[in-house]
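Colleague: I have a structure I would like to understand better, so I am pasting it below and will then ask my questions one at a time.
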Amino acid sequence: MKMFRKSRVALLAGLLLLTMLATACQGSNNAAKTSDTAATAAPTTSAETATTPQAPAGTAGGTRQYTDYNGKEITIPVDPKNIVAIQYAGDLLALGVKPAYVTDYAKNTYGAALDGVKSIGNRPVSLENVLAAAPDLILTDDTGDASEGEQLAKVGPTITLPFWTEDPFLHFNQLAEILGKQAEAQVWLEQYHAKASEVKKVIEPKVKEGETALLLIISGKDLGISGIRNGGYTLYRQLGFTPTPEMKPLLDKNENFGFETLSLEVLPKYSPDNLFVEMDDDSELTQSTFKQLKESGVWKSLNAVKNNKVYTVSNKWGLGDASSLYAQLEEAQAQIVK
């Protein structure tokens, strides 16, 4: 890949030099203008067509400067048409924007909403795949390798947004500003908050005041819990459930934590009134772990199991994008009110 990229850069540099020489000749010799241009422009255009991806459609609307969270200025298209979303596909969908390329994980998670969208594979991303996509804008986060953003920036305009934020809608609003979708974002947020109020009212007959809840995440062979983010934000901030007392030390340290490993032996100490179980993926290992958990004595001892208040939810509960947060509300209503 490095050799391919260097060769391509060298070729483009040579083409640029030819163009500059042609321009200089035009300025210094008007008499030879027509013949020189005909002799040099045609081969250059032919070579660029053969070796360079098609020009990004978004550049037709012009460019503007965007300052990222590190204070770095990036030149981005005003109206990007070929977006590679390594992260934040769910936020884009909530804004009514369908990216051109996403990860396999996003394709599996959002299903039909991403019909027609191509995949670049999973992380760590393949630079070859991103380069072949000829993006006019790349969206990613800061959870990958430190050099990933630098390499992506060589392929196309790359905006990296910090992933771990206390405000679950920070990315959503930032993307709205980047894409000029502020009005659409405002409408969506109003609909979201109306939905949250509706679901809370609908489940009230089924949930007593002060009932505790826990989001148990199964990922491969690991069990974990999350704080007041992703599905925890839905449970504790929107639907009014109370974290179990055993979560207090973790929340005091960082209420925004995303995954804290939990051993099977410790799980009974958390024993919530309502248990939401999210399988992080559909792998055989994850499914096997859940099956073994349900067959254990620990599982049968949990209050939620005894009282038939266990809810199996989708992997969107492990995500904090706008589309997933809305889906969590819908799933909570469907699961609790049967």
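For the structure tokens, the naming scheme is as follows: chains receive sequential letters (A, B, ...) according to their order of presentation, residues are indexed from 1 within each chain, and ligands are indexed from 1 in presentation order.
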Within 9 Å of range 106-119 of chain A, counting only C-alpha atoms, which residues show up once you throw out same-chain ones fewer than 2 positions away? Write them as a list of chain:residue names, please.
Modeller: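 Here the answer would be A:Ile86, A:Gln87, A:Tyr88, A:Ala89, A:Gly90, A:Leu93, A:Lys98, A:Pro99, A:Ala100, A:Tyr101, A:Val102, A:Thr103, A:Asp104, A:Gly121, A:Asn122, A:Asn129, A:Ser314, A:Asn315, A:Lys316, A:Ser323, A:Ser324.
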Colleague: Could those residues be written to a file, using C-alpha atoms, as a PDB file, in the first residue's frame?
Modeller:
```pdb
ATOM      1  CA  ILE A  86     -16.022   5.191   9.602  1.00  0.00           C
ATOM      2  CA  GLN A  87     -18.030   6.334  12.616  1.00  0.00           C
ATOM      3  CA  TYR A  88     -21.306   8.246  13.221  1.00  0.00           C
ATOM      4  CA  ALA A  89     -23.429   6.603  10.521  1.00  0.00           C
ATOM      5  CA  GLY A  90     -26.371   6.577  12.933  1.00  0.00           C
ATOM      6  CA  LEU A  93     -29.133   8.855   9.224  1.00  0.00           C
ATOM      7  CA  LYS A  98     -27.034   8.583   3.797  1.00  0.00           C
ATOM      8  CA  PRO A  99     -23.244   8.133   3.584  1.00  0.00           C
ATOM      9  CA  ALA A 100     -21.740   6.434   0.555  1.00  0.00           C
ATOM     10  CA  TYR A 101     -19.527   4.059   2.563  1.00  0.00           C
ATOM     11  CA  VAL A 102     -19.650   2.689   6.129  1.00  0.00           C
ATOM     12  CA  THR A 103     -18.160  -0.194   8.112  1.00  0.00           C
ATOM     13  CA  ASP A 104     -19.513  -3.743   8.098  1.00  0.00           C
ATOM     14  CA  GLY A 121     -14.791  -3.353   5.913  1.00  0.00           C
ATOM     15  CA  ASN A 122     -14.283  -3.074   9.645  1.00  0.00           C
ATOM     16  CA  ASN A 129     -10.621   0.568   0.489  1.00  0.00           C
ATOM     17  CA  SER A 314     -30.470  -5.121  20.232  1.00  0.00           C
ATOM     18  CA  ASN A 315     -26.836  -4.095  20.003  1.00  0.00           C
ATOM     19  CA  LYS A 316     -28.032  -0.516  19.435  1.00  0.00           C
ATOM     20  CA  SER A 323     -30.593   6.788  15.564  1.00  0.00           C
ATOM     21  CA  SER A 324     -29.686   4.203  18.211  1.00  0.00           C
TER      22      SER A 324
END
```
Colleague: Residues near Gly71 in chain A, anyone? I mean within 12 Å using only C-alpha atoms, not counting same-chain ones fewer than 6 positions away, as a PyMOL selection string.
Modeller: chain A and resi 65+159-161
Colleague: Residues within 7 Å of Glu166 in chain A, please, as a PyMOL selection string. Count only C-alpha atoms; anything in the same chain fewer than 2 positions from it doesn't count.
Modeller: chain A and resi 164+168+256
Colleague: When distances are computed from only C-alpha atoms, which of A:Asn254, A:Asn274, A:Trp188, A:Ile203 shows the smallest separation from Ala334 in chain A?
Modeller: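 For Ala334 in chain A, the nearest of the given residues is A:Ile203.
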Colleague: Each residue of range 294-319 of chain A lying at most 12 Å from range 284-290 of chain A should get a row with its shortest atom-to-atom pair and the distance in Å to one decimal, counting only C-alpha atoms; could you produce that, ordered by chain and increasing number, as JSON lines?
Modeller:
```
{"residue": "A:Lys294", "atom": "CA", "partner": "A:Phe290", "partner_atom": "CA", "distance": 6.3}
{"residue": "A:Glu295", "atom": "CA", "partner": "A:Phe290", "partner_atom": "CA", "distance": 8.7}
{"residue": "A:Ser296", "atom": "CA", "partner": "A:Phe290", "partner_atom": "CA", "distance": 10.0}
{"residue": "A:Trp299", "atom": "CA", "partner": "A:Phe290", "partner_atom": "CA", "distance": 10.2}
{"residue": "A:Thr312", "atom": "CA", "partner": "A:Phe290", "partner_atom": "CA", "distance": 10.6}
{"residue": "A:Asn315", "atom": "CA", "partner": "A:Thr286", "partner_atom": "CA", "distance": 11.7}
```
Colleague: Using Å and a single decimal, report how far CA of Ala322 in chain A sits from CA of Tyr192 in chain A.
Modeller: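 Computing the Euclidean distance for CA of Tyr192 in chain A and CA of Ala322 in chain A yields 8.8 Å.
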Colleague: Just want the 10 Å neighbourhood of Ala185 in chain A, counted on only C-alpha atoms, with same-chain residues fewer than 4 positions away dropped. Output as a ChimeraX atom specification.
Modeller: /A:91,94-96,169,172-177,180-181,189-191,322
Colleague: Could you write out the selected residues, including all heavy atoms, as a compact mmCIF listing (two decimals), in the first residue's frame?
Modeller:
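This is the output file out21.txt:
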```txt
# COMPACT_ATOMS: atom_id res chain seq x y z
N ASP A 91 -25.82 8.90 13.39
CA ASP A 91 -26.12 10.32 13.49
C ASP A 91 -26.46 10.90 12.13
O ASP A 91 -27.36 11.74 11.99
CB ASP A 91 -24.93 11.07 14.10
CG ASP A 91 -24.76 10.78 15.58
OD1 ASP A 91 -25.75 10.86 16.32
OD2 ASP A 91 -23.63 10.48 16.00
N ALA A 94 -30.00 10.05 11.14
CA ALA A 94 -30.99 10.88 11.85
C ALA A 94 -31.11 12.26 11.22
O ALA A 94 -32.16 12.91 11.33
CB ALA A 94 -30.60 11.00 13.33
N LEU A 95 -30.05 12.71 10.56
CA LEU A 95 -30.07 14.00 9.88
C LEU A 95 -30.61 13.89 8.46
O LEU A 95 -30.70 14.89 7.74
CB LEU A 95 -28.65 14.59 9.83
CG LEU A 95 -28.06 15.07 11.15
CD1 LEU A 95 -26.58 15.37 11.00
CD2 LEU A 95 -28.82 16.30 11.68
N GLY A 96 -30.97 12.68 8.05
CA GLY A 96 -31.46 12.48 6.70
C GLY A 96 -30.37 12.38 5.67
O GLY A 96 -30.61 12.58 4.47
N PHE A 169 -25.63 13.97 22.34
CA PHE A 169 -26.02 14.59 21.07
C PHE A 169 -24.97 15.58 20.57
O PHE A 169 -25.23 16.32 19.62
CB PHE A 169 -27.37 15.28 21.22
CG PHE A 169 -28.49 14.33 21.56
CD1 PHE A 169 -29.09 14.37 22.81
CD2 PHE A 169 -28.91 13.38 20.65
CE1 PHE A 169 -30.11 13.49 23.13
CE2 PHE A 169 -29.92 12.49 20.97
CZ PHE A 169 -30.53 12.54 22.21
N PHE A 172 -23.98 14.56 17.05
CA PHE A 172 -25.13 14.82 16.19
C PHE A 172 -25.19 16.30 15.81
O PHE A 172 -25.34 16.65 14.63
CB PHE A 172 -26.40 14.41 16.94
CG PHE A 172 -27.68 14.67 16.21
CD1 PHE A 172 -28.03 13.94 15.09
CD2 PHE A 172 -28.56 15.64 16.67
CE1 PHE A 172 -29.23 14.17 14.42
CE2 PHE A 172 -29.76 15.89 16.01
CZ PHE A 172 -30.10 15.15 14.88
N ASN A 173 -25.04 17.17 16.79
CA ASN A 173 -25.09 18.61 16.52
C ASN A 173 -23.87 19.11 15.76
O ASN A 173 -23.97 20.01 14.93
CB ASN A 173 -25.24 19.38 17.84
CG ASN A 173 -26.65 19.26 18.43
OD1 ASN A 173 -27.63 19.34 17.70
ND2 ASN A 173 -26.74 19.05 19.73
N GLN A 174 -22.71 18.51 16.03
CA GLN A 174 -21.51 18.89 15.29
C GLN A 174 -21.65 18.52 13.81
O GLN A 174 -21.29 19.30 12.93
CB GLN A 174 -20.28 18.19 15.89
CG GLN A 174 -19.84 18.77 17.23
CD GLN A 174 -18.67 18.00 17.82
OE1 GLN A 174 -18.61 16.77 17.72
NE2 GLN A 174 -17.75 18.70 18.45
N LEU A 175 -22.17 17.34 13.55
CA LEU A 175 -22.36 16.91 12.17
C LEU A 175 -23.41 17.77 11.47
O LEU A 175 -23.29 18.05 10.27
CB LEU A 175 -22.76 15.44 12.13
CG LEU A 175 -21.64 14.47 12.51
CD1 LEU A 175 -22.19 13.06 12.70
CD2 LEU A 175 -20.55 14.45 11.45
N ALA A 176 -24.43 18.18 12.20
CA ALA A 176 -25.44 19.07 11.63
C ALA A 176 -24.81 20.37 11.18
O ALA A 176 -25.13 20.91 10.11
CB ALA A 176 -26.54 19.33 12.65
N GLU A 177 -23.87 20.90 11.99
CA GLU A 177 -23.18 22.14 11.64
C GLU A 177 -22.27 21.92 10.44
O GLU A 177 -22.21 22.74 9.52
CB GLU A 177 -22.37 22.64 12.84
CG GLU A 177 -21.81 24.05 12.69
CD GLU A 177 -20.50 24.10 11.90
OE1 GLU A 177 -19.71 23.14 12.03
OE2 GLU A 177 -20.28 25.07 11.16
N GLY A 180 -24.52 21.53 7.36
CA GLY A 180 -25.56 22.53 7.15
C GLY A 180 -26.96 22.00 7.39
O GLY A 180 -27.93 22.39 6.72
N LYS A 181 -27.10 21.10 8.37
CA LYS A 181 -28.38 20.46 8.66
C LYS A 181 -28.91 20.86 10.04
O LYS A 181 -29.59 20.07 10.70
CB LYS A 181 -28.22 18.93 8.60
CG LYS A 181 -27.82 18.38 7.23
CD LYS A 181 -28.98 18.43 6.26
CE LYS A 181 -28.63 17.79 4.94
NZ LYS A 181 -29.77 17.81 3.99
N LEU A 189 -34.52 16.51 17.18
CA LEU A 189 -34.41 16.55 18.64
C LEU A 189 -35.77 16.76 19.29
O LEU A 189 -36.07 16.17 20.34
CB LEU A 189 -33.44 17.66 19.06
CG LEU A 189 -31.95 17.34 18.83
CD1 LEU A 189 -31.11 18.59 19.03
CD2 LEU A 189 -31.48 16.23 19.77
N GLU A 190 -36.60 17.59 18.70
CA GLU A 190 -37.95 17.80 19.23
C GLU A 190 -38.75 16.51 19.17
O GLU A 190 -39.47 16.17 20.13
CB GLU A 190 -38.65 18.91 18.44
CG GLU A 190 -38.07 20.30 18.69
CD GLU A 190 -38.65 21.36 17.76
OE1 GLU A 190 -39.51 20.99 16.92
OE2 GLU A 190 -38.26 22.54 17.88
N GLN A 191 -38.61 15.78 18.08
CA GLN A 191 -39.31 14.50 17.94
C GLN A 191 -38.79 13.48 18.94
O GLN A 191 -39.56 12.70 19.51
CB GLN A 191 -39.15 13.98 16.51
CG GLN A 191 -39.85 14.83 15.46
CD GLN A 191 -39.56 14.38 14.04
OE1 GLN A 191 -38.59 13.65 13.78
NE2 GLN A 191 -40.38 14.80 13.10
N ALA A 322 -27.62 9.17 17.54
CA ALA A 322 -29.00 9.62 17.57
C ALA A 322 -29.98 8.52 17.15
O ALA A 322 -31.00 8.29 17.81
CB ALA A 322 -29.16 10.86 16.68
```
Colleague: Which residues are near Leu275 in chain A? Cut-off 12 Å, only C-alpha atoms, ignore same chain within fewer than 2 positions. Put them as a CSV table (one decimal) with all heavy atoms, in the first residue's frame.
Modeller:
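Just written: result.csv:
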```
chain,number,residue,atom,x,y,z
A,211,GLU,N,-37.8,2.0,40.9
A,211,GLU,CA,-37.3,0.7,40.4
A,211,GLU,C,-35.9,0.9,39.8
A,211,GLU,O,-35.6,1.8,39.1
A,211,GLU,CB,-38.3,0.1,39.4
A,211,GLU,CG,-39.4,-0.6,40.1
A,211,GLU,CD,-40.2,-1.5,39.1
A,211,GLU,OE1,-39.5,-2.1,38.2
A,211,GLU,OE2,-41.4,-1.7,39.3
A,212,THR,N,-35.0,-0.1,40.1
A,212,THR,CA,-33.7,-0.1,39.5
A,212,THR,C,-33.6,-0.8,38.2
A,212,THR,O,-34.5,-1.6,37.9
A,212,THR,CB,-32.7,-0.7,40.5
A,212,THR,OG1,-33.1,-2.1,40.7
A,212,THR,CG2,-32.6,0.1,41.8
A,213,ALA,N,-32.6,-0.5,37.4
A,213,ALA,CA,-32.4,-1.1,36.1
A,213,ALA,C,-30.9,-1.3,35.9
A,213,ALA,O,-30.1,-0.5,36.4
A,213,ALA,CB,-33.1,-0.4,35.0
A,214,LEU,N,-30.6,-2.2,35.1
A,214,LEU,CA,-29.1,-2.5,34.7
A,214,LEU,C,-29.1,-2.9,33.3
A,214,LEU,O,-29.9,-3.7,32.9
A,214,LEU,CB,-28.5,-3.5,35.6
A,214,LEU,CG,-27.0,-3.8,35.5
A,214,LEU,CD1,-26.2,-2.7,36.1
A,214,LEU,CD2,-26.7,-5.1,36.1
A,215,LEU,N,-28.1,-2.3,32.5
A,215,LEU,CA,-27.9,-2.8,31.2
A,215,LEU,C,-26.7,-3.7,31.2
A,215,LEU,O,-25.6,-3.3,31.5
A,215,LEU,CB,-27.6,-1.6,30.3
A,215,LEU,CG,-27.2,-2.0,28.8
A,215,LEU,CD1,-28.3,-2.7,28.1
A,215,LEU,CD2,-26.8,-0.7,28.0
A,216,LEU,N,-26.9,-5.0,31.0
A,216,LEU,CA,-25.9,-6.0,31.0
A,216,LEU,C,-25.5,-6.3,29.6
A,216,LEU,O,-26.3,-6.6,28.7
A,216,LEU,CB,-26.4,-7.3,31.6
A,216,LEU,CG,-25.4,-8.5,31.7
A,216,LEU,CD1,-24.2,-8.1,32.6
A,216,LEU,CD2,-26.1,-9.8,32.1
A,217,ILE,N,-24.2,-6.0,29.3
A,217,ILE,CA,-23.6,-6.2,27.9
A,217,ILE,C,-22.9,-7.5,27.8
A,217,ILE,O,-22.0,-7.8,28.7
A,217,ILE,CB,-22.7,-5.0,27.6
A,217,ILE,CG1,-23.5,-3.7,27.8
A,217,ILE,CG2,-22.2,-5.2,26.2
A,217,ILE,CD1,-22.5,-2.5,27.7
A,225,ILE,N,-21.1,-3.8,32.2
A,225,ILE,CA,-22.2,-2.9,32.4
A,225,ILE,C,-21.7,-1.5,32.0
A,225,ILE,O,-20.5,-1.3,31.8
A,225,ILE,CB,-22.6,-2.8,33.9
A,225,ILE,CG1,-21.4,-2.5,34.8
A,225,ILE,CG2,-23.3,-4.1,34.3
A,225,ILE,CD1,-21.8,-2.3,36.2
A,231,GLY,N,-27.2,2.9,26.2
A,231,GLY,CA,-28.4,2.5,26.7
A,231,GLY,C,-28.7,3.0,28.2
A,231,GLY,O,-29.8,3.1,28.6
A,232,GLY,N,-27.6,3.2,28.9
A,232,GLY,CA,-27.7,3.8,30.2
A,232,GLY,C,-28.4,5.2,30.2
A,232,GLY,O,-29.1,5.5,31.1
A,235,LEU,N,-32.1,4.6,29.9
A,235,LEU,CA,-32.7,4.0,31.1
A,235,LEU,C,-32.8,5.1,32.3
A,235,LEU,O,-33.8,5.2,32.9
A,235,LEU,CB,-31.9,2.8,31.6
A,235,LEU,CG,-31.9,1.6,30.8
A,235,LEU,CD1,-31.0,0.5,31.4
A,235,LEU,CD2,-33.4,1.1,30.6
A,241,PHE,N,-35.5,5.2,35.3
A,241,PHE,CA,-35.0,4.1,36.1
A,241,PHE,C,-33.9,4.6,37.0
A,241,PHE,O,-33.2,5.6,36.7
A,241,PHE,CB,-34.5,2.9,35.3
A,241,PHE,CG,-35.6,2.1,34.6
A,241,PHE,CD1,-35.9,2.3,33.3
A,241,PHE,CD2,-36.4,1.2,35.4
A,241,PHE,CE1,-37.0,1.6,32.7
A,241,PHE,CE2,-37.4,0.5,34.8
A,241,PHE,CZ,-37.7,0.7,33.4
A,242,THR,N,-33.7,3.9,38.1
A,242,THR,CA,-32.6,4.2,39.1
A,242,THR,C,-31.4,3.2,39.0
A,242,THR,O,-31.7,2.0,38.9
A,242,THR,CB,-33.1,4.2,40.5
A,242,THR,OG1,-34.2,5.1,40.6
A,242,THR,CG2,-32.0,4.5,41.5
A,243,PRO,N,-30.2,3.7,38.9
A,243,PRO,CA,-29.1,2.7,38.9
A,243,PRO,C,-29.1,1.9,40.2
A,243,PRO,O,-29.5,2.4,41.3
A,243,PRO,CB,-27.8,3.7,38.8
A,243,PRO,CG,-28.4,5.0,38.3
A,243,PRO,CD,-29.7,5.1,38.8
A,244,THR,N,-28.6,0.7,40.2
A,244,THR,CA,-28.5,-0.1,41.4
A,244,THR,C,-27.5,0.6,42.4
A,244,THR,O,-26.5,1.2,41.9
A,244,THR,CB,-28.0,-1.5,41.1
A,244,THR,OG1,-26.7,-1.5,40.5
A,244,THR,CG2,-29.0,-2.2,40.2
A,267,LEU,N,-22.2,-10.5,39.7
A,267,LEU,CA,-23.5,-10.1,39.2
A,267,LEU,C,-24.7,-10.1,40.2
A,267,LEU,O,-25.5,-9.1,40.2
A,267,LEU,CB,-23.9,-10.9,38.0
A,267,LEU,CG,-25.2,-10.6,37.2
A,267,LEU,CD1,-25.1,-9.2,36.7
A,267,LEU,CD2,-25.4,-11.6,36.0
A,268,PRO,N,-24.8,-11.1,41.1
A,268,PRO,CA,-25.9,-11.0,42.0
A,268,PRO,C,-25.9,-9.8,43.0
A,268,PRO,O,-27.0,-9.4,43.5
A,268,PRO,CB,-25.7,-12.3,42.8
A,268,PRO,CG,-25.0,-13.2,41.9
A,268,PRO,CD,-24.0,-12.3,41.1
A,270,TYR,N,-25.5,-6.8,42.1
A,270,TYR,CA,-26.1,-5.7,41.4
A,270,TYR,C,-27.6,-6.0,41.2
A,270,TYR,O,-28.4,-5.1,41.0
A,270,TYR,CB,-25.5,-5.6,40.0
A,270,TYR,CG,-24.1,-4.9,40.0
A,270,TYR,CD1,-23.0,-5.7,40.3
A,270,TYR,CD2,-23.9,-3.6,39.8
A,270,TYR,CE1,-21.7,-5.2,40.4
A,270,TYR,CE2,-22.7,-3.0,39.9
A,270,TYR,CZ,-21.6,-3.8,40.1
A,270,TYR,OH,-20.3,-3.3,40.2
A,271,SER,N,-28.0,-7.2,41.2
A,271,SER,CA,-29.4,-7.7,41.1
A,271,SER,C,-30.5,-6.6,41.0
A,271,SER,O,-31.1,-6.3,41.9
A,271,SER,CB,-29.8,-8.7,42.2
A,271,SER,OG,-30.9,-9.4,41.9
A,272,PRO,N,-30.7,-6.1,39.8
A,272,PRO,CA,-31.7,-5.0,39.6
A,272,PRO,C,-33.1,-5.5,39.5
A,272,PRO,O,-33.4,-6.7,39.3
A,272,PRO,CB,-31.2,-4.4,38.3
A,272,PRO,CG,-30.8,-5.6,37.5
A,272,PRO,CD,-30.1,-6.5,38.5
A,273,ASP,N,-34.0,-4.6,39.6
A,273,ASP,CA,-35.5,-4.9,39.4
A,273,ASP,C,-35.7,-5.2,38.0
A,273,ASP,O,-36.6,-6.0,37.6
A,273,ASP,CB,-36.3,-3.7,39.9
A,273,ASP,CG,-36.2,-3.4,41.3
A,273,ASP,OD1,-36.2,-4.3,42.2
A,273,ASP,OD2,-36.0,-2.2,41.7
A,277,VAL,N,-30.6,-6.9,28.7
A,277,VAL,CA,-29.5,-7.7,28.2
A,277,VAL,C,-29.2,-7.4,26.7
A,277,VAL,O,-30.1,-7.5,25.9
A,277,VAL,CB,-29.7,-9.2,28.4
A,277,VAL,CG1,-28.5,-10.0,27.9
A,277,VAL,CG2,-30.0,-9.5,29.8
A,278,GLU,N,-28.0,-6.9,26.5
A,278,GLU,CA,-27.6,-6.5,25.1
A,278,GLU,C,-26.5,-7.4,24.7
A,278,GLU,O,-25.4,-7.4,25.3
A,278,GLU,CB,-27.2,-5.1,25.0
A,278,GLU,CG,-26.7,-4.6,23.7
A,278,GLU,CD,-25.3,-4.1,23.7
A,278,GLU,OE1,-24.9,-3.4,24.6
A,278,GLU,OE2,-24.6,-4.3,22.7
A,299,TRP,N,-27.9,-16.7,37.4
A,299,TRP,CA,-29.0,-16.1,36.7
A,299,TRP,C,-30.4,-16.3,37.3
A,299,TRP,O,-31.2,-15.3,37.5
A,299,TRP,CB,-29.0,-16.7,35.3
A,299,TRP,CG,-30.1,-16.2,34.4
A,299,TRP,CD1,-31.3,-16.9,34.1
A,299,TRP,CD2,-30.2,-15.0,33.6
A,299,TRP,NE1,-32.1,-16.1,33.3
A,299,TRP,CE2,-31.4,-15.0,32.9
A,299,TRP,CE3,-29.3,-14.0,33.4
A,299,TRP,CZ2,-31.8,-14.0,32.0
A,299,TRP,CZ3,-29.6,-13.0,32.5
A,299,TRP,CH2,-30.8,-13.0,31.9
A,302,LEU,N,-31.4,-13.9,40.3
A,302,LEU,CA,-31.6,-12.5,40.1
A,302,LEU,C,-33.0,-12.1,40.2
A,302,LEU,O,-33.9,-12.8,39.8
A,302,LEU,CB,-31.1,-12.1,38.7
A,302,LEU,CG,-29.6,-12.3,38.4
A,302,LEU,CD1,-29.3,-12.0,36.9
A,302,LEU,CD2,-28.7,-11.6,39.4
A,303,ASN,N,-33.3,-10.9,40.9
A,303,ASN,CA,-34.6,-10.4,41.1
A,303,ASN,C,-35.4,-10.3,39.8
A,303,ASN,O,-36.6,-10.6,39.7
A,303,ASN,CB,-34.6,-9.1,41.8
A,303,ASN,CG,-34.1,-9.2,43.2
A,303,ASN,OD1,-34.2,-10.2,43.9
A,303,ASN,ND2,-33.5,-8.1,43.8
A,304,ALA,N,-34.7,-9.7,38.8
A,304,ALA,CA,-35.4,-9.5,37.5
A,304,ALA,C,-35.8,-10.8,36.8
A,304,ALA,O,-36.9,-10.8,36.2
A,304,ALA,CB,-34.5,-8.7,36.6
A,305,VAL,N,-35.0,-11.8,37.0
A,305,VAL,CA,-35.4,-13.1,36.4
A,305,VAL,C,-36.6,-13.7,37.2
A,305,VAL,O,-37.5,-14.2,36.6
A,305,VAL,CB,-34.2,-14.1,36.5
A,305,VAL,CG1,-34.6,-15.5,36.0
A,305,VAL,CG2,-33.0,-13.5,35.7
A,306,LYS,N,-36.6,-13.6,38.5
A,306,LYS,CA,-37.7,-14.1,39.3
A,306,LYS,C,-39.0,-13.4,39.0
A,306,LYS,O,-40.0,-14.0,39.0
A,306,LYS,CB,-37.3,-14.0,40.8
A,306,LYS,CG,-36.2,-14.8,41.3
A,306,LYS,CD,-35.9,-14.6,42.7
A,306,LYS,CE,-34.7,-15.4,43.2
A,306,LYS,NZ,-34.4,-15.1,44.7
A,307,ASN,N,-38.9,-12.1,38.7
A,307,ASN,CA,-40.1,-11.3,38.5
A,307,ASN,C,-40.5,-11.1,37.0
A,307,ASN,O,-41.3,-10.3,36.7
A,307,ASN,CB,-40.0,-10.0,39.2
A,307,ASN,CG,-39.8,-10.1,40.7
A,307,ASN,OD1,-40.5,-10.9,41.3
A,307,ASN,ND2,-39.0,-9.3,41.3
A,308,ASN,N,-39.8,-11.9,36.1
A,308,ASN,CA,-40.0,-11.8,34.7
A,308,ASN,C,-39.9,-10.4,34.2
A,308,ASN,O,-40.7,-9.9,33.4
A,308,ASN,CB,-41.4,-12.3,34.4
A,308,ASN,CG,-41.6,-12.6,32.9
A,308,ASN,OD1,-40.7,-13.0,32.2
A,308,ASN,ND2,-42.8,-12.5,32.4
A,309,LYS,N,-38.8,-9.8,34.6
A,309,LYS,CA,-38.5,-8.4,34.1
A,309,LYS,C,-37.1,-8.4,33.4
A,309,LYS,O,-36.3,-7.5,33.7
A,309,LYS,CB,-38.6,-7.4,35.2
A,309,LYS,CG,-40.0,-7.1,35.7
A,309,LYS,CD,-40.1,-5.9,36.6
A,309,LYS,CE,-41.5,-5.5,36.8
A,309,LYS,NZ,-41.7,-4.2,37.6
A,310,VAL,N,-36.9,-9.3,32.6
A,310,VAL,CA,-35.6,-9.4,31.8
A,310,VAL,C,-36.0,-9.1,30.4
A,310,VAL,O,-36.9,-9.7,29.8
A,310,VAL,CB,-35.0,-10.8,31.9
A,310,VAL,CG1,-33.7,-10.8,31.0
A,310,VAL,CG2,-34.6,-11.1,33.3
A,311,TYR,N,-35.3,-8.1,29.8
A,311,TYR,CA,-35.6,-7.7,28.4
A,311,TYR,C,-34.3,-7.8,27.5
A,311,TYR,O,-33.3,-7.2,27.8
A,311,TYR,CB,-36.0,-6.2,28.4
A,311,TYR,CG,-37.1,-6.0,29.5
A,311,TYR,CD1,-36.8,-5.2,30.6
A,311,TYR,CD2,-38.4,-6.5,29.3
A,311,TYR,CE1,-37.8,-5.0,31.6
A,311,TYR,CE2,-39.4,-6.3,30.3
A,311,TYR,CZ,-39.0,-5.5,31.4
A,311,TYR,OH,-40.0,-5.3,32.4
A,312,THR,N,-34.4,-8.6,26.5
A,312,THR,CA,-33.3,-8.8,25.6
A,312,THR,C,-33.4,-7.7,24.5
A,312,THR,O,-34.5,-7.7,23.7
A,312,THR,CB,-33.3,-10.2,24.9
A,312,THR,OG1,-33.3,-11.2,26.0
A,312,THR,CG2,-32.1,-10.4,24.0
A,313,VAL,N,-32.4,-6.9,24.3
A,313,VAL,CA,-32.5,-5.8,23.4
A,313,VAL,C,-31.4,-5.9,22.4
A,313,VAL,O,-30.4,-6.7,22.5
A,313,VAL,CB,-32.3,-4.4,24.2
A,313,VAL,CG1,-33.5,-4.2,25.1
A,313,VAL,CG2,-31.1,-4.4,25.0
A,332,ALA,N,-37.6,-0.3,24.3
A,332,ALA,CA,-38.0,-0.3,25.7
A,332,ALA,C,-39.5,-0.4,25.8
A,332,ALA,O,-40.1,-1.2,26.6
A,332,ALA,CB,-37.5,1.0,26.4
A,335,GLN,N,-40.7,-3.9,24.7
A,335,GLN,CA,-40.3,-4.9,25.6
A,335,GLN,C,-41.1,-4.9,27.0
A,335,GLN,O,-41.6,-5.9,27.5
A,335,GLN,CB,-38.8,-4.8,25.9
A,335,GLN,CG,-38.0,-5.2,24.8
A,335,GLN,CD,-37.7,-6.7,24.7
A,335,GLN,OE1,-38.3,-7.5,25.4
A,335,GLN,NE2,-36.8,-7.1,23.9
A,336,ILE,N,-41.3,-3.7,27.5
A,336,ILE,CA,-41.9,-3.5,28.8
A,336,ILE,C,-43.4,-3.7,28.7
A,336,ILE,O,-44.1,-4.3,29.6
A,336,ILE,CB,-41.5,-2.2,29.4
A,336,ILE,CG1,-40.0,-2.2,29.7
A,336,ILE,CG2,-42.2,-2.0,30.8
A,336,ILE,CD1,-39.5,-0.8,30.1
```
Colleague: Produce a table with one row for each residue of range 56-125 of chain A that has an atom at most 9 Å from any atom of range 133-157 of chain A, each row naming the nearest atom pair and its distance in Å at one decimal; use only C-alpha atoms; arrange rows by chain and rising residue number; format as CSV.
Modeller:
```
residue,atom,partner,partner_atom,distance
A:Pro56,CA,A:Asp136,CA,5.2
A:Ala57,CA,A:Asp136,CA,7.4
A:Gly58,CA,A:Asp136,CA,6.3
A:Thr59,CA,A:Asp136,CA,7.3
A:Ile74,CA,A:Pro157,CA,6.9
A:Thr75,CA,A:Pro157,CA,6.7
A:Ile76,CA,A:Pro157,CA,5.9
A:Pro77,CA,A:Asp136,CA,6.9
A:Pro80,CA,A:Asp136,CA,6.0
A:Lys81,CA,A:Asp136,CA,6.9
A:Asn82,CA,A:Pro135,CA,5.1
A:Ile83,CA,A:Leu137,CA,4.9
A:Val84,CA,A:Ile138,CA,4.8
A:Ala85,CA,A:Leu139,CA,4.9
A:Ile86,CA,A:Thr140,CA,5.0
A:Gln87,CA,A:Thr140,CA,4.9
A:Tyr88,CA,A:Thr140,CA,7.3
A:Ala89,CA,A:Leu139,CA,8.9
A:Ala100,CA,A:Pro135,CA,8.4
A:Tyr101,CA,A:Ala133,CA,7.6
A:Ile120,CA,A:Ala133,CA,8.2
A:Arg123,CA,A:Gly144,CA,8.0
A:Pro124,CA,A:Gly144,CA,7.2
A:Val125,CA,A:Glu148,CA,8.3
```
